[in-house]
Structures are given as structure tokens and as C-alpha cells.
Amino acid sequence: MAFEGLSEKLQGALKKMTGKGRLTEQNVKEGMREVRMALLEADVNYAVAKDFIKKVTERCVGQEILSSLTPAQQVIKIVNEEMTQLMGGSNARLTWSSGPLTVYMLCGLQGAGKTTMCAKLAGWLQKQGKKPMLAACDIYRPAAIKQLQVVGEQVKVPVFEKGQQDPVKTALEAIEYARYYQRDVLIIDTAGRLHIDTELMDELARIKEAVKPQEILLVVDAMTGQDAVNVAQTFNEKLEIDGVILTKLDGDTRGGAALSVRAVTGKPIKFSGIGEKLTELEPFHPDRMASRILGMGDVMTLIENAAEAFDEHDVDKLTRKARTADLNLEDFLEQMQSMKKMGGLKSMISMLPGMSGKDIDVDDDAMKKPEAIIRSMTPKERRNPGILNASRRKRIAAGSGTTVQDVNQLIRQFEQSKQMMKQMMGQMKGGKGSRMRRMFGMK
């Protein structure tokens, strides 16, 4: 889980401080020493960690105590605010060209996930109502063009390629092609190397000079820690990048890259890759990331994911059925599918306050068994669970590769969930599930 080690150590250091009845300058300095060690162990840049601790210490021992907070709560508030500022302060949005076509150029080293990120970004832009196109300008890595075509097809975005010809020429032709077919965004996938070299930088500089992209976005692997920051610094010096995209934030990320890259390069993190699926990309919000690291959760992202996974029609239908206890196993299956779209149980729980950074013992495969059981039922059985007698349950168990006890357990869980939903609906006022819709960001 991302930032798990850093979160645990930071929360441990701050917890010791909150246990004090009264905070003194000595208490603060001792606590900040542990915070500093946690940052360095997470591979945060040394100068960045030193400056961060200095700022937090100065504020903590100053006069910025709010009457509504205890001194210990104030320390956590200050750490949260300074960490947010360290990562950029606020979400840095993409900028757009004043003309009909906006060109984004993605660059980075091999292995960072650049080609896949091109498709992820294109898919995300499609959801914003854009008409993106991809351009294959990596002519060196074996199968790079084919890979871009495959992921482009998966997100239903066209890919422009001209084989092994000069990447600069391909990029220019891609722009003309995009304009002719009225695409409004072109994303250029450029070549990477295992390490930075003059040949790579010269080619990227030539592409930049020829196409004059609206933004150059650097894709870096968050799992490489301080190395990712060094790469970002070099690319920025050579190309003047406009932003960074962090990949593999779902892995065992120590946190060094996310906490250091803005301070070292002065360039914002614009997106983060949070999984292998082409839909697992989200805008980077420094305040939300700081809250996750400090164990405060990320309820806003959870709500946004829910609003995307559940459309208004689904919520209305679920509300009506829950109010009359008319829910069936087809509805149960639909809700499991929606939870998968939100990243699974483990991802959802990690965004709740108090759960960030903890080793959450939740198996995302836990939904596979009940899903297999429901899919082994006939449509009639799903819509009318009351007809599931012993012989039907035995057949369903055999068809799903489970036991009769598993089937019985699922039916019990379903009946309990149905009763809980009915009770919850009875307590909700305003009609037509207004509270539920507000929870999902709907009007």
C-alpha cells in the first residue's frame, strides 16, 4: 500500500506528541526529530526534509495556537498544512491551447509506465468530453508502437503511427492528421531510455521545438524514490517540463518522490497512477494526499469515485427498492460491480479517516466467491431468492465451485443487508433518496 511505512512512522511520532498534556519547545523538537527520520527513511530529499522540519518547528513553537484546538492538535494541523504546501498546495490542472488542438508531450525513462500512461490520460480526457488522439513517436523500444495501439484500442482512442520514420516528422504529421479529423487533444508518446543520455534529450528537444506542445509532462516511477526526483530535476533542466505524473502509487511507495519532486523542480504533480487498470488515474490533490499520509483519510476522493461508479438512475432505482425491501440478488451483484469500479474494498477503506497507512486485512478477492455464486443462479432465482430450496442451492454450489454452506452464508448476508437498507431508508427524510444522492455528489 502506498506510503504505508511513512504513514505509520509519522502517525507514531505525532501520537507521542498528542499524548503530552502540555507541549514545550523540547517536546516539539523531540517529535520533529522522529518526523525527520521518518521522512528520510521514506527517501525524501535531505534538503527538502530539513526545510520542512524547520518550517513546522518554527510554527509549532510560535504563537499560532487556535483557541479551538489543543496544542497537540495544532501540531498535527501545522504538519498537515506544511505537507500540503510541500506537494504544491492545490491541484494543478492541465492548461489548454487557445486553438482547436491542444498537444501534450509525455516523456520519461523506460519502465516508468509512459506508454500506458498515454492511454490512461486519453481515457481520462474522454470522460471530460474531449476527443483525444495518440501519436507513436517511440521508434526504438521493441513493440512500443504495438503497445500504444493495443492500449489505445482498449480506451477507444485512435493511434497515429508511421513506423520507424523520424519521430519529429511523425509528430508533425500527427498534428495535421488530428486537425483534419477534428480531434481536440493530441498526446505524443516519446522514446525513453534506461538512463538519461544526450541522444535522448536531443531528440526530445527537437520534438519540442517542432510541435511546440502546450505542456510537457514527465512520467516518473514513484517506487524509485529519490531517483525519481533526480530524473525529474534533469528533465526539467533540459526541457523545462510543465508537470509530473507519478506512476505506481498503488505499490510499496515510500513517499520520497511525491514529497520531494515539487520542492526540487518547482513543477507540480498533475496526476497519479493508482493501479494497473487503464481507468486507474486520478488528478493529484496535495491536500488529500497529505491527509492520507497522516491517517486523516480522503473522503472527497471516495465521494468522487462513488459519483462516477453510481449513476443517478442506479441510485434512484436502489433507493426505491431499498425502501420497499424489494432488493434482489441481481441488485446485490450490480453493487459489487460498482464497488469494483471504485477500486475495491481495500482501496475504499484506506480512504476512510483513521485507516490511511494501516495494514488493512481485506482481501479484494473476497467478492469473487459471492459473485460466482450469484452468476451460477438462473435469472428467476436471482430475482426471487425465496425459491432457493435445498436442491437448487446444491446445484448452485456445484456450478460455482463452492459449498452449500457458502451459498447459505451469502443468502443470510443478503437478507441482513436488505433489512439494514430498509431501516436506513426509513430513517432518511426528504424523499427519493435525497440524502443518498447528496452523498454521491448528485443534486
# chains A, B, ... in the order shown; residues from 1 in each chain; ligands from 1

call {"tool": "residues_around", "arguments": {"residues": "Arg93 (chain A)", "least_positions_apart": "6", "cutoff": "10 Å", "atoms": "only C-alpha atoms", "output": "count of residues only"}}
result
8

call {"tool": "closest_residue", "arguments": {"among": "A:Met367, A:Val229, A:Ala136, A:Ala290", "to": "Glu334 (chain A)", "atoms": "only C-alpha atoms"}}
result
A:Met367

call {"tool": "closest_residue", "arguments": {"among": "A:Asn236, A:Gln147, A:Gln337, A:Gln165", "to": "Arg262 (chain A)", "atoms": "only C-alpha atoms"}}
result
A:Asn236

call {"tool": "residues_around", "arguments": {"residues": "Leu86 (chain A)", "least_positions_apart": "4", "cutoff": "9 Å", "atoms": "only C-alpha atoms", "output": "tab-separated table (two decimals) with C-alpha atoms, in the first residue's frame"}}
result
chain	number	residue	atom	x	y	z
A	48	VAL	CA	13.55	19.15	1.49
A	52	PHE	CA	10.14	21.04	6.13
A	81	GLU	CA	-0.71	22.29	6.12
A	82	GLU	CA	3.06	22.28	5.54
A	259	LEU	CA	7.02	14.75	-1.15
A	260	SER	CA	10.19	15.96	-2.90
A	262	ARG	CA	7.65	19.78	-6.34
A	263	ALA	CA	10.17	21.31	-3.93
A	286	PRO	CA	-1.79	17.72	-2.39

call {"tool": "residues_around", "arguments": {"residues": "Gly399 (chain A)", "least_positions_apart": "5", "cutoff": "9 Å", "atoms": "only C-alpha atoms", "output": "NGL selection string"}}
result
:A and (372-373 or 376-377 or 394)

call {"tool": "residues_around", "arguments": {"residues": "Val404 (chain A)", "least_positions_apart": "5", "cutoff": "10 Å", "atoms": "only C-alpha atoms", "output": "VMD selection string"}}
result
chain A and resid 390 to 398 409 to 410
